[in-house]
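Participant: Sharing input_18.txt (compact mmCIF, C-alpha atoms) below.
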```
# COMPACT_ATOMS: atom_id res chain seq x y z
CA MET A 682 -7.79 17.38 -40.13
CA LEU A 683 -9.76 20.05 -38.29
CA GLN A 684 -13.03 18.49 -39.40
CA SER A 685 -11.89 15.06 -38.14
CA LEU A 686 -11.07 16.53 -34.74
CA GLN A 687 -14.47 18.18 -34.59
CA VAL A 688 -16.18 14.88 -35.43
CA LEU A 689 -14.11 13.12 -32.77
CA ARG A 690 -15.08 15.77 -30.21
CA GLN A 691 -18.75 15.27 -31.08
CA ASP A 692 -18.39 11.49 -30.72
CA VAL A 693 -16.71 11.85 -27.32
CA GLN A 694 -19.33 14.28 -26.06
CA PHE A 695 -22.14 12.03 -27.24
CA ALA A 696 -20.46 8.98 -25.67
CA PHE A 697 -20.25 10.70 -22.28
CA ARG A 698 -23.92 11.70 -22.53
CA GLN A 699 -24.87 8.10 -23.24
CA LEU A 700 -22.81 6.85 -20.30
CA ARG A 701 -24.39 9.42 -17.97
CA HIS A 702 -27.80 8.12 -19.00
CA ARG A 703 -26.76 4.55 -18.06
CA PRO A 704 -24.65 5.01 -14.89
CA GLY A 705 -25.16 1.43 -13.69
CA PHE A 706 -23.87 -0.03 -16.95
CA ALA A 707 -20.93 2.41 -17.00
CA PHE A 708 -20.00 1.65 -13.37
CA ILE A 709 -19.99 -2.12 -13.87
CA ALA A 710 -18.00 -1.93 -17.11
CA VAL A 711 -15.40 0.45 -15.63
CA LEU A 712 -15.12 -1.67 -12.47
CA VAL A 713 -14.57 -4.91 -14.41
CA LEU A 714 -12.00 -3.32 -16.71
CA GLY A 715 -10.35 -1.50 -13.80
CA LEU A 716 -9.75 -4.76 -11.95
CA GLY A 717 -8.31 -6.45 -15.03
CA LEU A 718 -6.16 -3.51 -16.10
CA GLY A 719 -5.09 -2.78 -12.51
CA GLY A 720 -3.88 -6.34 -12.01
CA ASN A 721 -1.91 -6.14 -15.24
CA ALA A 722 -0.41 -2.76 -14.31
CA ALA A 723 0.63 -4.01 -10.87
CA MET A 724 2.20 -7.19 -12.22
CA PHE A 725 3.96 -5.34 -15.03
CA SER A 726 5.45 -2.94 -12.50
CA VAL A 727 6.96 -5.96 -10.70
CA VAL A 728 8.15 -7.66 -13.90
CA ASN A 729 9.57 -4.40 -15.23
CA ALA A 730 11.49 -3.61 -12.02
CA VAL A 731 12.79 -7.12 -11.37
CA LEU A 732 13.18 -8.75 -14.81
CA LEU A 733 13.36 -6.03 -17.44
CA GLN A 734 15.42 -3.30 -15.82
CA PRO A 735 19.22 -3.81 -15.60
CA LEU A 736 20.87 -4.31 -12.22
CA PRO A 737 21.58 -0.97 -10.49
CA TYR A 738 25.36 -1.28 -10.86
CA ALA A 739 27.92 0.05 -13.33
CA ASP A 740 28.14 -2.10 -16.51
CA PRO A 741 26.00 -4.84 -14.92
CA GLN A 742 26.41 -7.16 -17.91
CA ARG A 743 30.04 -7.71 -16.88
CA LEU A 744 29.18 -8.86 -13.35
CA THR A 745 29.17 -12.56 -12.54
CA ALA A 746 28.33 -14.60 -9.48
CA LEU A 747 30.97 -17.24 -8.63
CA PHE A 748 30.39 -20.51 -6.78
CA GLU A 749 31.94 -23.77 -5.81
CA ARG A 750 30.34 -26.73 -7.53
CA ASP A 751 29.53 -30.15 -6.08
CA VAL A 752 30.76 -29.59 -2.54
CA VAL A 753 28.08 -32.02 -1.40
CA GLY A 754 26.02 -33.80 -4.04
CA GLU A 755 25.60 -32.00 -7.37
CA GLU A 756 24.63 -28.49 -6.23
CA PRO A 757 26.11 -25.99 -8.75
CA PHE A 758 25.70 -22.91 -6.55
CA ASN A 759 27.60 -23.62 -3.32
CA VAL A 760 28.91 -20.63 -1.39
CA VAL A 761 32.69 -20.28 -1.32
CA ALA A 762 35.24 -20.96 1.41
CA PRO A 763 37.42 -17.93 2.33
CA ALA A 764 40.70 -19.60 1.34
CA ASN A 765 39.26 -20.63 -2.03
CA PHE A 766 38.11 -17.06 -2.67
CA LEU A 767 41.58 -15.73 -1.92
CA ASP A 768 43.10 -18.30 -4.30
CA TRP A 769 40.64 -17.38 -7.06
CA GLN A 770 41.33 -13.70 -6.52
CA LYS A 771 45.08 -14.24 -7.01
CA GLN A 772 44.99 -16.74 -9.88
CA ALA A 773 42.04 -15.77 -12.10
CA ASN A 774 42.87 -13.58 -15.10
CA SER A 775 39.35 -13.20 -16.51
CA PHE A 776 38.36 -10.55 -13.97
CA GLU A 777 39.24 -6.94 -13.33
CA GLN A 778 37.94 -7.27 -9.77
CA MET A 779 36.75 -10.10 -7.57
CA ALA A 780 35.02 -9.46 -4.25
CA ALA A 781 33.33 -11.48 -1.53
CA SER A 782 30.80 -10.84 1.20
CA GLY A 783 29.05 -12.73 3.97
CA GLU A 784 25.92 -12.27 6.01
CA THR A 785 25.93 -11.46 9.70
CA ALA A 786 24.07 -9.44 12.33
CA PHE A 787 25.27 -6.82 14.80
CA ASN A 788 24.16 -5.40 18.08
CA LEU A 789 24.32 -1.71 17.23
CA ALA A 790 24.82 0.94 19.89
CA SER A 791 26.04 4.51 19.96
CA ALA A 792 29.53 5.03 21.36
CA SER A 793 28.22 8.20 23.04
CA GLY A 794 24.91 6.73 24.15
CA SER A 795 22.88 9.03 21.88
CA PHE A 796 20.43 6.31 20.81
CA MET A 797 19.08 3.04 22.10
CA PRO A 798 20.80 -0.23 21.06
CA GLU A 799 19.18 -2.36 18.36
CA ARG A 800 19.82 -5.53 16.39
CA ILE A 801 20.62 -4.92 12.73
CA ASP A 802 21.49 -6.98 9.67
CA GLY A 803 25.07 -6.56 8.53
CA SER A 804 27.66 -7.83 6.10
CA TYR A 805 31.42 -8.40 6.11
CA CYS A 806 32.98 -7.80 2.69
CA SER A 807 36.28 -7.46 0.91
CA ALA A 808 37.56 -3.90 0.57
CA ASN A 809 36.93 -3.82 -3.18
CA LEU A 810 33.27 -4.91 -3.07
CA PHE A 811 31.89 -1.44 -3.80
CA ALA A 812 34.44 -0.81 -6.56
CA THR A 813 33.57 -4.18 -8.12
CA LEU A 814 29.90 -3.21 -8.20
CA GLY A 815 30.80 0.29 -9.38
CA VAL A 816 28.73 2.07 -6.73
CA PRO A 817 30.40 4.97 -4.89
CA PRO A 818 29.22 6.17 -1.46
CA VAL A 819 27.09 9.29 -1.17
CA LEU A 820 29.24 10.44 1.73
CA GLY A 821 32.78 9.62 2.78
CA ARG A 822 34.69 6.75 1.17
CA THR A 823 34.78 2.98 0.85
CA PHE A 824 37.28 0.66 2.54
CA ARG A 825 40.98 0.89 1.84
CA THR A 826 43.02 -2.22 1.10
CA GLU A 827 45.04 -1.88 4.31
CA GLU A 828 41.82 -1.82 6.33
CA ASP A 829 40.90 -5.28 5.04
CA ARG A 830 43.58 -7.04 7.07
CA THR A 831 43.68 -8.99 10.32
CA GLY A 832 44.34 -6.58 13.17
CA ALA A 833 43.62 -3.41 11.15
CA ALA A 834 41.67 -0.48 12.60
CA ARG A 835 37.95 -1.10 12.93
CA VAL A 836 35.99 0.85 10.30
CA ALA A 837 32.42 0.56 9.03
CA ILE A 838 30.23 1.80 6.22
CA ILE A 839 26.55 2.38 7.00
CA SER A 840 23.40 2.34 4.88
CA TYR A 841 21.46 5.42 3.87
CA ASP A 842 18.51 4.35 6.02
CA LEU A 843 20.67 3.97 9.13
CA TRP A 844 22.26 7.34 8.43
CA GLN A 845 18.86 9.00 8.27
CA HIS A 846 17.28 7.03 11.11
CA ARG A 847 20.05 7.22 13.69
CA PHE A 848 22.09 10.26 12.64
CA GLY A 849 19.43 12.50 11.11
CA GLY A 850 21.28 12.66 7.78
CA SER A 851 24.04 14.78 9.33
CA PRO A 852 27.14 15.20 7.12
CA GLU A 853 29.15 15.11 10.35
CA VAL A 854 28.55 11.38 10.64
CA ILE A 855 31.90 10.58 9.01
CA HIS A 856 34.43 9.50 11.66
CA ARG A 857 31.74 9.30 14.30
CA GLN A 858 31.92 6.10 16.28
CA ILE A 859 29.40 3.31 16.75
CA ARG A 860 29.55 0.06 18.64
CA LEU A 861 28.97 -3.20 16.77
CA ASP A 862 28.85 -6.24 19.05
CA SER A 863 30.56 -4.18 21.80
CA GLU A 864 33.46 -3.23 19.48
CA GLN A 865 34.05 0.40 18.56
CA TYR A 866 34.05 1.26 14.83
CA ASP A 867 34.72 4.51 12.94
CA ILE A 868 32.13 5.34 10.25
CA VAL A 869 34.01 6.08 7.01
CA GLY A 870 31.18 6.12 4.46
CA VAL A 871 27.46 6.11 3.70
CA MET A 872 26.04 4.14 0.78
CA PRO A 873 23.28 5.45 -1.55
CA ARG A 874 19.60 5.15 -0.67
CA ASN A 875 18.80 2.16 -2.89
CA PHE A 876 22.04 0.23 -2.53
CA ALA A 877 21.01 -3.32 -1.64
CA TYR A 878 23.95 -5.69 -1.72
CA PRO A 879 24.13 -8.44 -0.62
CA TYR A 880 20.49 -7.83 0.38
CA ARG A 881 18.12 -4.95 1.13
CA THR A 882 18.08 -5.04 4.92
CA VAL A 883 21.84 -4.67 5.45
CA LYS A 884 22.55 -1.61 7.60
CA ALA A 885 26.33 -1.83 8.07
CA TRP A 886 29.37 -3.27 6.27
CA VAL A 887 32.75 -4.10 7.84
CA PRO A 888 35.99 -5.42 6.22
CA LEU A 889 36.00 -9.17 5.67
CA GLN A 890 39.52 -10.08 6.81
CA ARG A 891 39.26 -7.80 9.83
CA HIS A 892 35.99 -9.48 10.84
CA LEU A 893 36.95 -13.16 10.38
CA GLU A 894 39.41 -15.11 12.48
CA ALA A 895 42.74 -16.18 10.96
CA GLU A 896 41.77 -19.88 10.93
CA GLN A 897 38.55 -19.03 9.08
CA LEU A 898 40.49 -17.17 6.39
CA GLN A 899 42.75 -20.21 5.91
CA SER A 900 39.87 -22.69 5.69
CA HIS A 901 39.02 -24.42 2.40
CA GLY A 902 36.10 -26.23 3.96
CA ASN A 903 34.16 -23.54 5.83
CA HIS A 904 31.84 -22.29 3.09
CA MET A 905 30.36 -18.89 3.91
CA LEU A 906 31.09 -16.32 1.19
CA THR A 907 29.11 -15.01 -1.76
CA VAL A 908 31.63 -14.10 -4.47
CA ILE A 909 31.16 -11.78 -7.43
CA GLY A 910 33.53 -10.77 -10.20
CA ARG A 911 33.71 -8.04 -12.81
CA MET A 912 34.90 -9.60 -16.05
CA ARG A 913 37.45 -7.90 -18.23
CA PRO A 914 36.11 -6.38 -21.47
CA GLY A 915 35.69 -9.05 -24.14
CA VAL A 916 35.61 -11.96 -21.67
CA SER A 917 32.45 -14.09 -21.81
CA VAL A 918 30.71 -15.82 -18.92
CA GLU A 919 31.67 -19.17 -20.45
CA GLN A 920 35.38 -18.23 -20.44
CA ALA A 921 35.17 -17.02 -16.84
CA ARG A 922 33.36 -20.22 -15.83
CA ALA A 923 36.00 -22.39 -17.50
CA GLU A 924 38.82 -20.59 -15.70
CA ILE A 925 37.21 -20.74 -12.25
CA ASN A 926 36.29 -24.38 -12.82
CA GLY A 927 39.87 -25.19 -13.77
CA ILE A 928 41.30 -23.51 -10.65
CA ALA A 929 38.83 -25.31 -8.39
CA ARG A 930 39.37 -28.70 -10.04
CA ARG A 931 43.15 -28.45 -9.76
CA PHE A 932 42.91 -27.68 -6.05
CA LYS A 933 40.56 -30.62 -5.51
CA GLN A 934 42.95 -32.95 -7.30
CA GLN A 935 45.87 -31.71 -5.22
CA HIS A 936 43.94 -31.81 -1.92
CA PRO A 937 41.31 -34.56 -2.20
CA GLU A 938 40.93 -34.67 1.58
CA GLU A 939 39.58 -31.12 1.74
CA VAL A 940 35.80 -30.61 1.98
CA THR A 941 35.68 -28.35 -1.03
CA GLY A 942 34.02 -28.20 -4.43
CA LYS A 943 34.91 -30.57 -7.25
CA GLY A 944 34.82 -27.56 -9.55
CA GLY A 945 33.80 -23.93 -9.87
CA ASN A 946 30.88 -22.17 -11.51
CA ALA A 947 30.22 -18.68 -12.90
CA VAL A 948 26.88 -17.25 -14.02
CA SER A 949 25.65 -13.81 -14.88
CA LEU A 950 24.84 -11.91 -11.69
CA TYR A 951 21.50 -10.90 -13.22
CA ASP A 952 20.60 -14.50 -14.10
CA TYR A 953 21.48 -15.71 -10.63
CA SER A 954 19.60 -12.87 -8.95
CA VAL A 955 16.31 -13.66 -10.71
CA LYS A 956 16.62 -17.43 -11.16
CA GLY A 957 14.31 -18.16 -8.25
CA VAL A 958 11.50 -15.82 -9.32
CA ARG A 959 11.66 -15.46 -13.11
CA VAL A 960 9.33 -18.35 -13.93
CA SER A 961 6.95 -17.55 -11.06
CA LEU A 962 6.63 -13.91 -12.08
CA LEU A 963 6.07 -14.72 -15.75
CA VAL A 964 3.46 -17.35 -14.90
CA LEU A 965 1.69 -14.93 -12.56
CA PHE A 966 1.84 -12.21 -15.20
CA GLY A 967 0.29 -14.62 -17.71
CA ALA A 968 -2.46 -15.51 -15.25
CA VAL A 969 -3.27 -11.85 -14.70
CA ALA A 970 -3.33 -11.33 -18.49
CA CYS A 971 -5.92 -14.13 -18.68
CA VAL A 972 -8.01 -12.26 -16.10
CA LEU A 973 -7.87 -9.20 -18.36
CA ILE A 974 -9.03 -11.30 -21.32
CA ILE A 975 -11.97 -12.57 -19.28
CA ALA A 976 -12.80 -8.99 -18.26
CA CYS A 977 -12.62 -7.94 -21.91
CA VAL A 978 -15.03 -10.72 -22.94
CA ASN A 979 -17.46 -9.80 -20.16
CA VAL A 980 -17.45 -6.14 -21.15
CA ALA A 981 -17.90 -7.14 -24.80
CA ASN A 982 -21.01 -9.07 -23.78
CA LEU A 983 -22.31 -6.03 -21.91
CA LEU A 984 -21.65 -3.82 -24.92
CA LEU A 985 -23.30 -6.30 -27.27
CA THR A 986 -26.41 -6.46 -25.10
CA ARG A 987 -26.53 -2.69 -24.95
CA ALA A 988 -26.00 -2.37 -28.71
CA LEU A 989 -28.91 -4.73 -29.40
CA GLY A 990 -31.07 -2.61 -27.13
CA ARG A 991 -30.22 0.49 -29.17
CA GLU A 992 -31.50 -0.77 -32.53
CA ARG A 993 -34.13 1.96 -32.81
CA GLU A 994 -31.56 4.68 -32.06
CA VAL A 995 -29.18 3.25 -34.67
CA ALA A 996 -32.02 2.91 -37.19
CA ILE A 997 -33.05 6.54 -36.73
CA ARG A 998 -29.47 7.72 -37.14
CA SER A 999 -29.16 5.62 -40.29
CA ALA A 1000 -32.46 7.00 -41.60
CA VAL A 1001 -31.26 10.58 -41.26
CA GLY A 1002 -28.04 9.86 -43.17
CA ALA A 1003 -25.45 8.45 -40.76
CA THR A 1004 -23.16 5.97 -42.49
CA ARG A 1005 -22.39 2.59 -41.03
CA ALA A 1006 -18.74 3.62 -40.54
CA ARG A 1007 -19.85 6.65 -38.51
CA ILE A 1008 -22.12 4.49 -36.32
CA VAL A 1009 -19.34 1.92 -35.77
CA ARG A 1010 -16.96 4.72 -34.85
CA GLN A 1011 -19.44 6.16 -32.37
CA LEU A 1012 -19.99 2.82 -30.66
CA LEU A 1013 -16.24 2.16 -30.60
CA THR A 1014 -15.68 5.57 -29.04
CA GLU A 1015 -17.95 4.62 -26.16
CA SER A 1016 -16.14 1.32 -25.54
CA VAL A 1017 -12.70 3.00 -25.72
CA ILE A 1018 -13.80 5.68 -23.24
CA LEU A 1019 -15.02 2.97 -20.88
CA SER A 1020 -11.72 1.16 -21.21
CA LEU A 1021 -9.65 4.31 -20.63
CA LEU A 1022 -11.70 5.08 -17.52
CA GLY A 1023 -11.07 1.51 -16.42
CA GLY A 1024 -7.34 2.03 -17.08
CA ALA A 1025 -7.33 5.11 -14.87
CA CYS A 1026 -9.01 3.14 -12.08
CA GLY A 1027 -6.55 0.33 -12.70
CA LEU A 1028 -3.55 2.64 -12.29
CA LEU A 1029 -5.00 3.89 -9.01
CA LEU A 1030 -5.47 0.30 -7.85
CA ALA A 1031 -1.94 -0.65 -8.96
CA SER A 1032 -0.41 2.27 -7.05
CA LEU A 1033 -2.16 1.01 -3.91
CA VAL A 1034 -1.07 -2.63 -4.19
CA THR A 1035 2.49 -2.43 -5.54
CA ASP A 1036 3.99 -1.89 -2.08
CA ALA A 1037 2.13 -4.96 -0.83
CA LEU A 1038 3.38 -6.96 -3.82
CA ALA A 1039 6.96 -5.90 -3.12
CA ALA A 1040 6.67 -6.81 0.55
CA SER A 1041 5.08 -10.20 -0.14
CA ALA A 1042 7.44 -11.27 -2.93
CA PRO A 1043 9.43 -14.43 -2.10
CA ASN A 1044 13.00 -13.59 -1.03
CA ALA A 1045 12.13 -9.90 -1.43
CA ALA A 1046 15.24 -8.83 0.49
CA TYR A 1047 17.44 -10.47 -2.18
CA LEU A 1048 15.55 -9.40 -5.31
CA PRO A 1049 17.27 -6.73 -7.40
CA GLY A 1050 15.18 -3.67 -8.23
CA ILE A 1051 12.43 -4.53 -5.74
CA ASP A 1052 12.59 -0.97 -4.42
CA ARG A 1053 11.85 0.34 -7.93
CA ILE A 1054 8.42 -1.29 -8.08
CA GLY A 1055 5.76 1.35 -8.65
CA VAL A 1056 3.62 3.10 -11.24
CA ASP A 1057 6.21 4.84 -13.39
CA GLY A 1058 6.17 6.13 -16.96
CA TRP A 1059 6.60 2.67 -18.49
CA VAL A 1060 3.70 1.26 -16.46
CA PHE A 1061 1.53 4.25 -17.43
CA LEU A 1062 2.33 3.87 -21.15
CA LEU A 1063 1.71 0.12 -21.14
CA THR A 1064 -1.58 0.51 -19.25
CA PHE A 1065 -2.71 3.21 -21.68
CA ALA A 1066 -1.83 1.02 -24.69
CA VAL A 1067 -3.50 -2.06 -23.20
CA ALA A 1068 -6.59 -0.05 -22.24
CA LEU A 1069 -6.85 1.33 -25.77
CA ALA A 1070 -6.44 -2.12 -27.30
CA THR A 1071 -8.92 -3.60 -24.81
CA GLY A 1072 -11.50 -0.93 -25.65
CA ILE A 1073 -11.18 -1.64 -29.36
CA ALA A 1074 -11.19 -5.42 -28.87
CA ALA A 1075 -14.19 -5.36 -26.54
CA GLY A 1076 -16.18 -2.91 -28.64
CA LEU A 1077 -15.43 -3.92 -32.21
CA PHE A 1078 -17.79 -6.89 -32.54
CA PRO A 1079 -20.68 -5.24 -30.65
CA ALA A 1080 -20.20 -2.11 -32.78
CA PHE A 1081 -20.44 -4.06 -36.05
CA GLN A 1082 -23.40 -6.06 -34.78
CA GLY A 1083 -25.18 -2.95 -33.57
CA SER A 1084 -24.67 -1.16 -36.87
CA ARG A 1085 -26.17 -3.97 -38.97
CA SER A 1086 -29.76 -3.33 -37.99
CA ASP A 1087 -32.38 -3.09 -40.73
CA ILE A 1088 -33.88 0.41 -40.67
CA VAL A 1089 -37.48 -0.48 -41.54
CA GLU A 1090 -37.64 -3.62 -39.39
CA SER A 1091 -36.00 -1.88 -36.43
CA LEU A 1092 -38.43 1.03 -36.57
CA LYS A 1093 -41.43 -1.28 -37.01
CA GLY A 1094 -40.20 -3.54 -34.23
CA ALA A 1095 -39.63 -0.61 -31.94
CA ARG A 1096 -43.13 0.78 -32.72
CA SER A 1097 -44.75 -2.63 -32.15
CA ALA A 1098 -42.96 -3.06 -28.87
CA ARG A 1099 -44.01 0.42 -27.78
CA ASP A 1100 -47.63 -0.24 -28.75
CA ALA A 1101 -47.61 -3.58 -26.94
CA ARG A 1102 -46.62 -1.82 -23.77
CA MET A 1103 -49.40 0.81 -24.09
CA PRO A 1104 -52.73 0.23 -22.34
CA ALA A 1105 -55.85 -0.42 -24.47
CA SER A 1106 -57.35 2.93 -23.47
CA ALA A 1107 -54.29 4.64 -24.94
CA ILE A 1108 -54.53 2.69 -28.22
CA CYS A 1109 -58.32 3.15 -28.62
CA TRP A 1110 -58.45 6.74 -27.57
CA TRP A 1111 -61.70 7.52 -29.35
CA PRO A 1112 -64.93 7.55 -27.24
CA ARG A 1113 -67.27 4.61 -27.25
CA ARG A 1114 -70.64 4.97 -28.82
```
Could you show the structure in this file as structure tokens?
Facilitator:
Amino acid sequence: MLQSLQVLRQDVQFAFRQLRHRPGFAFIAVLVLGLGLGGNAAMFSVVNAVLLQPLPYADPQRLTALFERDVVGEEPFNVVAPANFLDWQKQANSFEQMAASGETAFNLASASGSFMPERIDGSYCSANLFATLGVPPVLGRTFRTEEDRTGAARVAIISYDLWQHRFGGSPEVIHRQIRLDSEQYDIVGVMPRNFAYPYRTVKAWVPLQRHLEAEQLQSHGNHMLTVIGRMRPGVSVEQARAEINGIARRFKQQHPEEVTGKGGNAVSLYDYSVKGVRVSLLVLFGAVACVLIIACVNVANLLLTRALGREREVAIRSAVGATRARIVRQLLTESVILSLLGGACGLLLASLVTDALAASAPNAAYLPGIDRIGVDGWVFLLTFAVALATGIAAGLFPAFQGSRSDIVESLKGARSARDARMPASAICWWPRR
């Protein structure tokens, strides 16, 4: 074991000496591999954060997104009317919790005039939204049931960013007052830093029934709510879908004049969250993988050309007793070192472009896990593994080709080539008579 490590150390040292002697070759190879590996690392960081990691909620596999179906045409994912949501909430037995939210915007101002007014994104939601998602506040509390009523006291929950930006992260923010659309609200809670429901840019939440007018709450035709449910243990998405569909169909049969869905729909919250980007991300990831393959082929060509130019060196090493396996291992060590250096450059490149990828992603505000995009341990391990495999794949054929040289022919060819380059006066060094 110790002898093997010593041989490996010698191979690595010799490989670095060879690369120092050919800096142009080393720079080009590392640059090509760095671009290919960096693109793969950046795309994997996106795929890992958005598609592979679970949603950042408690028991996310039990969360479903609920919709009306076929309100107009055959769209299966219509948002839900408030009265329909309230009916589902009362009648459905497949769910522990069912919550709704809607998108809005507020003119935010300080009740005391301590900061300048601004326009912010907001959301109105049922009191149990945060309990349904299983995300507690970092400060204060969530809404109480009695606060989600028409005419109840005005209360609000703010985002972590708003807490830091406007209140300096002060723990005294609870029960401080802000003005939303000229109405005074008491702050009762602050959500965690990465909480992003219904979307990332929301800065304040208010109770749904306190925010909407009475006629809106009684409407079966004014579709405005995104509804989620937490299924009971043992209940499948198919069972939940069948129950919601049955409730919606019965109402439509009883009230055919209402502009409402002909049925209901339920899908996994994860599946619905990524349905618009899953195929695009996988296709893009595949395209970037093809770029890495092209980079690997190009570097293999460079290594093959270099190996053919080192026939004399390989022949001398063979003549003094080096086995073919040792020569192959030496050449492979050089290609793996190049690939690992390219992987390091690729990780640096990925760390620089991941923020831009997150910002430019379609519907980035609605994508789950978009804030987790970055070079983490998983990205590092994958890049290391891919770089190692790329180094072996790119260097294996050139290494075998370079080690197959005939000793006598290589030495004779090298001597002939050297003599051909020498001037006649150097060949015929004896004096003329």
Participant: Which residue is closest to A:Gly754? Choose from A:Ile1073, A:Arg1010, A:Phe706, A:Gly942 and count all atoms listed in the file.
Facilitator: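 Under the stated criterion, the closest residue is A:Gly942.
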Participant: One number please: atom CA of A:Arg874 to atom CA of A:Tyr841, in Å, one decimal.
Facilitator: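 Computing it gives 4.9 Å between the two atoms.
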Participant: Hey, can you check how far atom CA of A:Phe725 sits from atom CA of A:Val1060?
Facilitator: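 Atom CA of A:Val1060 lies at a distance of 6.8 Å from atom CA of A:Phe725.
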Participant: A:Leu973, A:Val908, A:Leu962, A:Ile1008: which is nearest A:Ser726, counting only C-alpha atoms?
Facilitator: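 Under the stated criterion, the closest residue is A:Leu962.
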Participant: Extract, using all atoms listed in the file, all DNA, RNA and protein residues at most 8 Å from stretch 728-743 of chain A, discarding same-chain residues fewer than 4 positions from it, and format them as a PyMOL selection string.
Facilitator: chain A and resi 724+814-816+911-914+949-951+955+959+962-963+966+1048-1051+1053-1054
Participant: Just the selected residues (C-alpha atoms), exported as a PDB file, keeping the file's coordinate frame, please.
Facilitator:
```pdb
ATOM      1  CA  MET A 724       2.200  -7.190 -12.220  1.00  0.00           C
ATOM      2  CA  LEU A 814      29.900  -3.210  -8.200  1.00  0.00           C
ATOM      3  CA  GLY A 815      30.800   0.290  -9.380  1.00  0.00           C
ATOM      4  CA  VAL A 816      28.730   2.070  -6.730  1.00  0.00           C
ATOM      5  CA  ARG A 911      33.710  -8.040 -12.810  1.00  0.00           C
ATOM      6  CA  MET A 912      34.900  -9.600 -16.050  1.00  0.00           C
ATOM      7  CA  ARG A 913      37.450  -7.900 -18.230  1.00  0.00           C
ATOM      8  CA  PRO A 914      36.110  -6.380 -21.470  1.00  0.00           C
ATOM      9  CA  SER A 949      25.650 -13.810 -14.880  1.00  0.00           C
ATOM     10  CA  LEU A 950      24.840 -11.910 -11.690  1.00  0.00           C
ATOM     11  CA  TYR A 951      21.500 -10.900 -13.220  1.00  0.00           C
ATOM     12  CA  VAL A 955      16.310 -13.660 -10.710  1.00  0.00           C
ATOM     13  CA  ARG A 959      11.660 -15.460 -13.110  1.00  0.00           C
ATOM     14  CA  LEU A 962       6.630 -13.910 -12.080  1.00  0.00           C
ATOM     15  CA  LEU A 963       6.070 -14.720 -15.750  1.00  0.00           C
ATOM     16  CA  PHE A 966       1.840 -12.210 -15.200  1.00  0.00           C
ATOM     17  CA  LEU A1048      15.550  -9.400  -5.310  1.00  0.00           C
ATOM     18  CA  PRO A1049      17.270  -6.730  -7.400  1.00  0.00           C
ATOM     19  CA  GLY A1050      15.180  -3.670  -8.230  1.00  0.00           C
ATOM     20  CA  ILE A1051      12.430  -4.530  -5.740  1.00  0.00           C
ATOM     21  CA  ARG A1053      11.850   0.340  -7.930  1.00  0.00           C
ATOM     22  CA  ILE A1054       8.420  -1.290  -8.080  1.00  0.00           C
TER      23      ILE A1054
END
```
Participant: Name the closest residue to A:Pro798 among the candidates A:Ile1018, A:Ile859, A:Ala923, A:Val958; distances are taken between atoms, counting only C-alpha atoms.
Facilitator: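 That would be A:Ile859, the residue with the smallest distance to A:Pro798.
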